[in-house]
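As stored in model_21.cif (mmCIF, C-alpha atoms):
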```cif
data_upload
loop_
_atom_site.label_atom_id
_atom_site.label_comp_id
_atom_site.auth_asym_id
_atom_site.auth_seq_id
_atom_site.Cartn_x
_atom_site.Cartn_y
_atom_site.Cartn_z
CA MET A 1 81.24 -6.89 40.34
CA ALA A 2 82.07 -8.59 37.14
CA ARG A 3 79.05 -10.79 37.25
CA SER A 4 76.59 -10.07 34.45
CA VAL A 5 73.05 -9.31 35.40
CA LYS A 6 70.91 -12.41 35.50
CA HIS A 7 67.96 -12.07 33.16
CA SER A 8 64.79 -13.52 34.52
CA VAL A 9 63.35 -13.75 31.04
CA ASN A 10 65.08 -14.85 27.89
CA ARG A 11 64.42 -12.29 25.29
CA PRO A 12 66.04 -11.49 21.97
CA PRO A 13 67.67 -8.09 21.68
CA THR A 14 65.30 -5.28 20.80
CA PRO A 15 65.71 -4.60 17.10
CA ASP A 16 66.69 -1.17 15.99
CA GLU A 17 63.73 1.07 15.30
CA ASP A 18 65.30 2.91 12.40
CA VAL A 19 66.31 -0.22 10.56
CA ARG A 20 62.78 -1.61 10.69
CA ASP A 21 60.71 1.41 9.68
CA SER A 22 62.39 3.18 6.82
CA PRO A 23 62.35 0.30 4.32
CA GLU A 24 58.55 0.15 4.76
CA ARG A 25 58.18 3.83 4.26
CA ASP A 26 60.22 3.67 1.08
CA GLU A 27 58.07 0.89 -0.28
CA LEU A 28 54.80 2.74 0.10
CA THR A 29 53.64 3.80 -3.32
CA LEU A 30 52.20 7.18 -4.04
CA GLY A 31 48.82 5.57 -4.57
CA GLU A 32 48.91 3.98 -1.16
CA ILE A 33 49.89 7.25 0.45
CA ILE A 34 46.98 8.98 -1.21
CA ASN A 35 44.65 6.25 -0.04
CA ILE A 36 45.84 6.57 3.52
CA LYS A 37 45.37 10.33 3.43
CA LEU A 38 41.92 9.91 1.95
CA VAL A 39 40.85 7.57 4.70
CA GLU A 40 42.43 9.52 7.51
CA SER A 41 40.87 12.79 6.45
CA GLY A 42 37.43 11.24 6.02
CA GLU A 43 37.31 12.27 2.39
CA LYS A 44 37.13 8.65 1.24
CA GLU A 45 33.93 8.20 3.20
CA ASN A 46 32.47 11.34 1.61
CA LEU A 47 33.46 10.21 -1.85
CA MET A 48 31.93 6.77 -1.32
CA GLU A 49 28.66 8.33 -0.24
CA LEU A 50 28.72 10.68 -3.22
CA VAL A 51 29.40 7.87 -5.67
CA ARG A 52 26.65 5.72 -4.23
CA ASP A 53 24.08 8.52 -4.35
CA ARG A 54 24.93 9.48 -7.90
CA LEU A 55 24.91 5.92 -9.17
CA VAL A 56 21.57 5.15 -7.53
CA GLU A 57 19.82 8.25 -8.81
CA SER A 58 21.10 7.69 -12.33
CA GLY A 59 19.62 4.21 -12.40
CA TRP A 60 22.98 2.54 -12.68
CA LYS A 61 22.42 0.43 -9.60
CA ASP A 62 19.10 -0.85 -10.96
CA GLU A 63 20.78 -1.82 -14.20
CA MET A 64 23.40 -3.75 -12.29
CA ARG A 65 20.76 -5.51 -10.21
CA ILE A 66 18.91 -6.53 -13.34
CA ALA A 67 22.14 -7.91 -14.77
CA CYS A 68 22.65 -9.87 -11.57
CA ARG A 69 19.13 -11.30 -11.71
CA GLU A 70 19.64 -12.37 -15.30
CA HIS A 71 22.77 -14.25 -14.30
CA VAL A 72 21.04 -15.80 -11.30
CA LYS A 73 18.17 -16.93 -13.51
CA LYS A 74 20.63 -18.61 -15.82
CA LYS A 75 22.72 -20.28 -13.19
CA GLY A 76 19.98 -21.16 -10.76
CA ARG A 77 19.76 -19.27 -7.54
CA LYS A 78 21.29 -21.89 -5.35
CA ASP A 79 24.63 -22.00 -7.15
CA VAL A 80 25.72 -18.39 -7.48
CA THR A 81 28.61 -17.02 -5.50
CA VAL A 82 29.42 -13.40 -4.73
CA ASP A 83 32.71 -13.63 -6.59
CA GLU A 84 30.93 -14.90 -9.64
CA LEU A 85 28.45 -12.03 -9.61
CA ILE A 86 31.22 -9.49 -9.16
CA ARG A 87 33.13 -11.02 -12.02
CA VAL A 88 30.07 -10.94 -14.24
CA ILE A 89 28.98 -7.37 -13.67
CA THR A 90 32.28 -5.53 -13.17
CA PRO A 91 33.12 -4.90 -16.85
CA LYS A 92 29.63 -3.70 -17.58
CA GLY A 93 29.54 -1.73 -14.35
CA ARG A 94 32.75 0.13 -14.97
CA ALA A 95 31.79 0.94 -18.52
CA SER A 96 28.29 2.16 -17.83
CA VAL A 97 29.06 4.80 -15.21
CA PRO A 98 27.49 8.02 -16.56
CA ASP A 99 30.04 10.52 -17.80
CA ALA A 100 28.74 13.32 -15.61
CA VAL A 101 29.19 11.21 -12.51
CA LYS A 102 32.69 10.24 -13.54
CA GLU A 103 33.60 13.89 -14.18
CA GLU A 104 32.31 15.01 -10.86
CA LEU A 105 34.18 12.34 -8.96
CA LEU A 106 37.46 12.81 -10.80
CA ASP A 107 37.25 16.52 -10.14
CA ARG A 108 36.91 16.07 -6.45
CA ILE A 109 39.68 13.52 -6.30
CA HIS A 110 41.97 15.81 -8.28
CA ASN A 111 41.34 18.64 -5.89
CA PHE A 112 42.11 16.45 -2.97
CA ILE A 113 45.39 15.26 -4.40
CA ARG A 114 46.43 18.81 -5.21
CA SER A 115 45.55 20.02 -1.77
CA ALA A 116 47.40 17.12 -0.21
CA ALA A 117 50.41 18.90 -1.71
CA LEU A 118 52.42 15.95 -2.82
CA MET B 119 57.54 22.77 -16.62
CA SER B 120 57.89 19.15 -17.45
CA ASN B 121 57.60 18.40 -13.81
CA VAL B 122 54.18 19.97 -13.67
CA GLU B 123 53.07 17.96 -16.68
CA ASP B 124 54.46 14.81 -15.20
CA ASN B 125 52.68 15.62 -12.01
CA LYS B 126 49.46 16.20 -13.86
CA SER B 127 49.53 12.93 -15.75
CA SER B 128 50.49 11.00 -12.67
CA HIS B 129 47.75 12.86 -10.84
CA ASP B 130 45.33 11.80 -13.53
CA GLN B 131 46.42 8.26 -13.16
CA LEU B 132 46.08 8.42 -9.42
CA SER B 133 42.65 9.94 -9.67
CA SER B 134 41.51 7.28 -12.08
CA GLN B 135 42.82 4.66 -9.76
CA VAL B 136 40.95 6.08 -6.81
CA PHE B 137 37.82 6.43 -8.89
CA LEU B 138 37.95 2.84 -10.11
CA ASP B 139 38.52 1.71 -6.59
CA LEU B 140 35.35 3.49 -5.47
CA VAL B 141 33.28 2.05 -8.33
CA ASP B 142 34.58 -1.44 -7.59
CA SER B 143 33.44 -1.06 -4.01
CA VAL B 144 29.94 -0.13 -5.09
CA ILE B 145 29.88 -3.03 -7.55
CA ALA B 146 30.89 -5.40 -4.78
CA ASP B 147 28.05 -4.02 -2.64
CA VAL B 148 25.47 -4.57 -5.37
CA ALA B 149 26.76 -8.08 -6.05
CA SER B 150 26.65 -8.97 -2.38
CA GLU B 151 23.10 -7.65 -2.05
CA CYS B 152 21.88 -9.53 -5.11
CA HIS B 153 23.60 -12.68 -3.95
CA ARG B 154 21.83 -12.46 -0.63
CA VAL B 155 18.46 -11.90 -2.25
CA ALA B 156 19.01 -14.77 -4.62
CA ARG B 157 20.13 -17.27 -2.00
CA LEU B 158 17.38 -16.38 0.44
CA GLY B 159 14.73 -16.54 -2.26
CA LEU B 160 13.57 -13.04 -1.45
CA ASP B 161 13.06 -12.11 -5.05
CA ARG B 162 9.44 -13.13 -5.45
CA ASP B 163 9.37 -12.17 -9.09
CA LEU B 164 12.14 -14.56 -9.87
CA GLU B 165 10.34 -17.39 -8.18
CA VAL B 166 7.07 -16.60 -9.87
CA VAL B 167 8.74 -16.60 -13.26
CA GLU B 168 10.45 -19.89 -12.52
CA GLU B 169 7.19 -21.41 -11.31
CA GLU B 170 5.30 -20.23 -14.38
CA LEU B 171 8.00 -21.60 -16.65
CA ARG B 172 7.81 -24.94 -14.92
CA LEU B 173 4.01 -25.08 -15.07
CA SER B 174 3.89 -24.13 -18.73
CA VAL B 175 6.43 -26.79 -19.57
CA GLU B 176 4.36 -29.32 -17.67
CA ALA B 177 1.15 -28.23 -19.36
CA ARG B 178 2.71 -28.44 -22.78
CA ALA B 179 3.97 -31.92 -22.07
CA LYS B 180 0.53 -32.99 -20.91
CA VAL B 181 -1.17 -31.72 -24.04
CA ALA B 182 1.40 -33.25 -26.30
CA ASP B 183 1.17 -36.57 -24.53
CA PRO B 184 -1.14 -38.80 -26.61
CA SER B 185 -1.49 -41.45 -23.95
CA ASN B 186 -3.78 -39.19 -21.94
CA ASN B 187 -7.33 -40.58 -21.88
CA LEU B 188 -9.05 -37.62 -23.42
CA GLU B 189 -12.26 -39.57 -23.96
CA THR B 190 -12.91 -40.30 -20.36
CA ASN B 191 -12.06 -36.74 -19.59
CA THR B 192 -14.71 -35.25 -21.86
CA LYS B 193 -17.50 -37.11 -20.17
CA TYR B 194 -16.82 -35.63 -16.83
CA VAL B 195 -15.04 -32.53 -17.94
CA VAL B 196 -14.89 -29.71 -15.47
CA ASP B 197 -15.94 -26.33 -16.75
CA ILE B 198 -14.46 -23.01 -15.75
CA PHE B 199 -16.68 -22.76 -12.71
CA GLY B 200 -15.40 -26.05 -11.47
CA GLN B 201 -18.70 -27.81 -12.07
CA SER B 202 -18.77 -31.19 -13.68
CA HIS B 203 -21.75 -32.30 -15.71
CA PRO B 204 -22.88 -35.92 -15.81
CA PRO B 205 -23.56 -37.15 -19.32
CA VAL B 206 -27.26 -37.70 -18.70
CA ALA B 207 -29.28 -34.77 -17.41
CA THR B 208 -30.55 -35.78 -14.00
CA GLU B 209 -32.98 -33.04 -13.15
CA VAL B 210 -36.49 -34.23 -12.34
CA PHE B 211 -39.61 -32.27 -13.22
CA ASN B 212 -43.28 -32.84 -13.84
CA CYS B 213 -44.53 -33.85 -17.25
CA MET B 214 -47.13 -31.33 -18.35
CA ASN B 215 -49.12 -34.02 -20.03
CA CYS B 216 -49.54 -36.66 -17.40
CA GLY B 217 -48.21 -34.80 -14.39
CA ARG B 218 -45.75 -37.49 -13.50
CA GLN B 219 -42.27 -36.84 -12.25
CA ILE B 220 -39.86 -37.48 -15.10
CA VAL B 221 -36.10 -37.46 -15.27
CA ALA B 222 -35.12 -34.84 -17.82
CA GLY B 223 -32.82 -37.23 -19.62
CA ARG B 224 -35.71 -39.64 -20.16
CA PHE B 225 -38.28 -37.03 -21.01
CA ALA B 226 -38.29 -37.42 -24.80
CA PRO B 227 -38.99 -41.14 -24.77
CA HIS B 228 -41.55 -40.58 -22.07
CA LEU B 229 -43.30 -37.92 -24.08
CA GLU B 230 -43.47 -40.20 -27.08
CA ARG B 231 -45.39 -42.72 -25.08
CA CYS B 232 -47.29 -40.19 -23.05
CA MET B 233 -48.63 -38.41 -26.10
CA GLY B 234 -49.05 -41.56 -28.07
CA LYS B 235 -46.87 -40.82 -31.03
CA GLY B 236 -47.41 -44.22 -32.36
CA ARG B 237 -50.33 -46.41 -31.73
CA LYS B 238 -48.02 -49.23 -30.70
CA ALA B 239 -46.48 -47.33 -27.80
CA ARG B 240 -49.82 -46.46 -26.39
CA ALA B 241 -51.88 -49.31 -27.62
CA LYS B 242 -53.51 -49.61 -24.23
CA ALA B 243 -54.06 -45.88 -24.02
CA THR B 244 -56.80 -44.93 -21.66
CA ARG B 245 -59.94 -44.24 -23.62
CA SER B 246 -61.17 -41.87 -21.01
CA THR B 247 -62.67 -38.66 -22.41
CA THR B 248 -60.14 -36.49 -20.70
CA ALA B 249 -57.24 -38.23 -22.37
CA SER B 250 -58.81 -38.12 -25.86
CA GLN B 251 -59.94 -34.53 -25.38
CA ASN B 252 -56.38 -33.59 -24.45
CA ARG B 253 -55.08 -35.38 -27.47
CA ASN B 254 -57.51 -33.65 -29.78
CA SER B 255 -56.83 -30.20 -28.47
CA ARG B 256 -53.17 -30.73 -28.84
CA ARG B 257 -53.52 -31.74 -32.46
CA ASN B 258 -55.32 -28.52 -33.18
CA THR B 259 -52.76 -26.26 -31.63
CA SER B 260 -49.26 -26.00 -32.99
CA ASP B 261 -47.02 -28.87 -32.12
CA ASN B 262 -44.09 -26.65 -31.52
CA ASN B 263 -45.70 -25.09 -28.52
CA GLN B 264 -46.40 -28.32 -26.73
CA LEU B 265 -43.68 -28.11 -24.18
CA ALA B 266 -44.15 -24.40 -23.69
CA SER B 267 -47.79 -24.81 -22.83
CA GLY B 268 -48.98 -24.49 -19.30
CA PRO B 269 -50.27 -27.13 -16.90
CA PRO B 270 -52.95 -29.61 -18.03
CA GLY B 271 -55.72 -27.23 -17.01
CA PHE B 272 -54.73 -24.85 -19.71
CA GLU B 273 -55.70 -27.15 -22.49
CA GLU B 274 -59.10 -27.71 -21.04
CA ASN B 275 -59.61 -23.96 -21.03
CA VAL B 276 -58.53 -23.77 -24.63
CA ARG B 277 -60.89 -26.55 -25.45
CA LYS B 278 -63.79 -24.87 -23.79
CA ALA B 279 -63.07 -21.63 -25.57
#
```

Translate the structure described by the file into structure tokens.
Amino acid sequence: MARSVKHSVNRPPTPDEDVRDSPERDELTLGEIINIKLVESGEKENLMELVRDRLVESGWKDEMRIACREHVKKKGRKDVTVDELIRVITPKGRASVPDAVKEELLDRIHNFIRSAAL
Amino acid sequence: MSNVEDNKSSHDQLSSQVFLDLVDSVIADVASECHRVARLGLDRDLEVVEEELRLSVEARAKVADPSNNLETNTKYVVDIFGQSHPPVATEVFNCMNCGRQIVAGRFAPHLERCMGKGRKARAKATRSTTASQNRNSRRNTSDNNQLASGPPGFEENVRKA
């Protein structure tokens, strides 16, 4: 029985699992790993909620909305795009986060990274 | 030891990165929300301000425009209650001298003739006693009070007294 088995379907050879996966794993940066762990553990969700609450109660969100309205008034409300608004308010937004809020968040993130034992 | 320090600084960097990522997400949320409000015209305040700006610009242009016929406007100008007044007073009332119905706008000339200011106007004045009695009594009382005096009967009472 020297005849080779007839394949009913033409398929390329299954690539090696090892060869495919490890290069990806090597390319993942530390930051990406942290992000994945944050999401998987649910901590990212908690942090997002915390950030939102703190920024709303400190009036930061209202300031940002006012800045958006100013820009919309200038440009005319029919022409604005989301990207444009983001571009306009991001520098001011990042800079005007209250220090206390920033401290609190950085603390929590630090703890998480330490406990992730990397 | 150096490893720990390295770890710490890289940890700091990582933390900052995560933090900035979170803030950027919130910023994107705010921008998206504002964009929606703006495009849907939900921000009433914005519209009101725009409308007021437009109206004030229009009003200013109208005032500054010299070609507007201001003269015709003042004749039939509308006051703050929305009422417009015709140039000649149209109310009709009874003359207290002759009892006739007189248009208020024509009352002064009527009174001149009615009371016989000049002999010419009333050259054919009735020489009836009532008319001359009325005229006499009026000359005796103060002229200023003519219009404020009561109906014709009043003068006769004054006369009798």

Review point. Chain A residues within 7 Å of chain B, counting all atoms listed in the file: which ones, as a list of chain:residue names?
Key: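 The answer, sorted by residue number, is A:Gly31, A:Met48, A:Arg52, A:Arg65, A:Cys68, A:Arg77, A:Lys78, A:Thr81, A:Val82, A:Leu85, A:Ile86, A:Thr90, A:Gly93, A:Arg94, A:Leu105, A:Leu106, A:Ile109, A:His110.
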
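Of note, CA of Ile113 (chain A) and CA of Ile34 (chain A) are spaced 7.2 Å apart.
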
Exercise for review: Mind giving me the straight-line distance from CA of Ser96 (chain A) to CA of Gly76 (chain A) in Å, one decimal?
Suggested key: 25.7 Å

**Study point:** Polymer residues at most 12 Å from Lys37 (chain A), all atoms listed in the file, same-chain spacing of 2 or more positions, as an MDAnalysis selection string
**Key:** (chainID A and resid 30:35 39:45 109 112:113 115:118) or (chainID B and resid 136)

Exercise for review: Taking the file above as input, evaluate the PyMOL selection byres ((chain A and resi 58) around 12) and report the hits as a PyMOL selection string.
Suggested key: chain A and resi 51-57+59-64+96-102

Selection above as a file: C-alpha atoms, as a short mmCIF file (atom, residue, chain, number, x, y, z; two decimals), in the frame of the given file:
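Printed below is selection32.cif as written:
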```
data_model
loop_
_atom_site.label_atom_id
_atom_site.label_comp_id
_atom_site.auth_asym_id
_atom_site.auth_seq_id
_atom_site.Cartn_x
_atom_site.Cartn_y
_atom_site.Cartn_z
CA VAL A 51 29.40 7.87 -5.67
CA ARG A 52 26.65 5.72 -4.23
CA ASP A 53 24.08 8.52 -4.35
CA ARG A 54 24.93 9.48 -7.90
CA LEU A 55 24.91 5.92 -9.17
CA VAL A 56 21.57 5.15 -7.53
CA GLU A 57 19.82 8.25 -8.81
CA GLY A 59 19.62 4.21 -12.40
CA TRP A 60 22.98 2.54 -12.68
CA LYS A 61 22.42 0.43 -9.60
CA ASP A 62 19.10 -0.85 -10.96
CA GLU A 63 20.78 -1.82 -14.20
CA MET A 64 23.40 -3.75 -12.29
CA SER A 96 28.29 2.16 -17.83
CA VAL A 97 29.06 4.80 -15.21
CA PRO A 98 27.49 8.02 -16.56
CA ASP A 99 30.04 10.52 -17.80
CA ALA A 100 28.74 13.32 -15.61
CA VAL A 101 29.19 11.21 -12.51
CA LYS A 102 32.69 10.24 -13.54
#
```

Review point. Neighbours of Gln219 (chain B) within 12 Å (all atoms listed in the file; same-chain residues fewer than 6 positions away dropped), as an NGL selection string?
Key: :B and (208-213 or 225 or 228-229)

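When CA of Met233 (chain B) is paired with CA of Val221 (chain B), their separation reads 16.6 Å.
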
Exercise for review: Write out as a VMD selection string each polymer residue whose atoms come within 9 Å of Val88 (chain A), counting only C-alpha atoms; drop sequence neighbours fewer than 5 positions from it.
Suggested key: chain A and resid 67 to 68 71 83
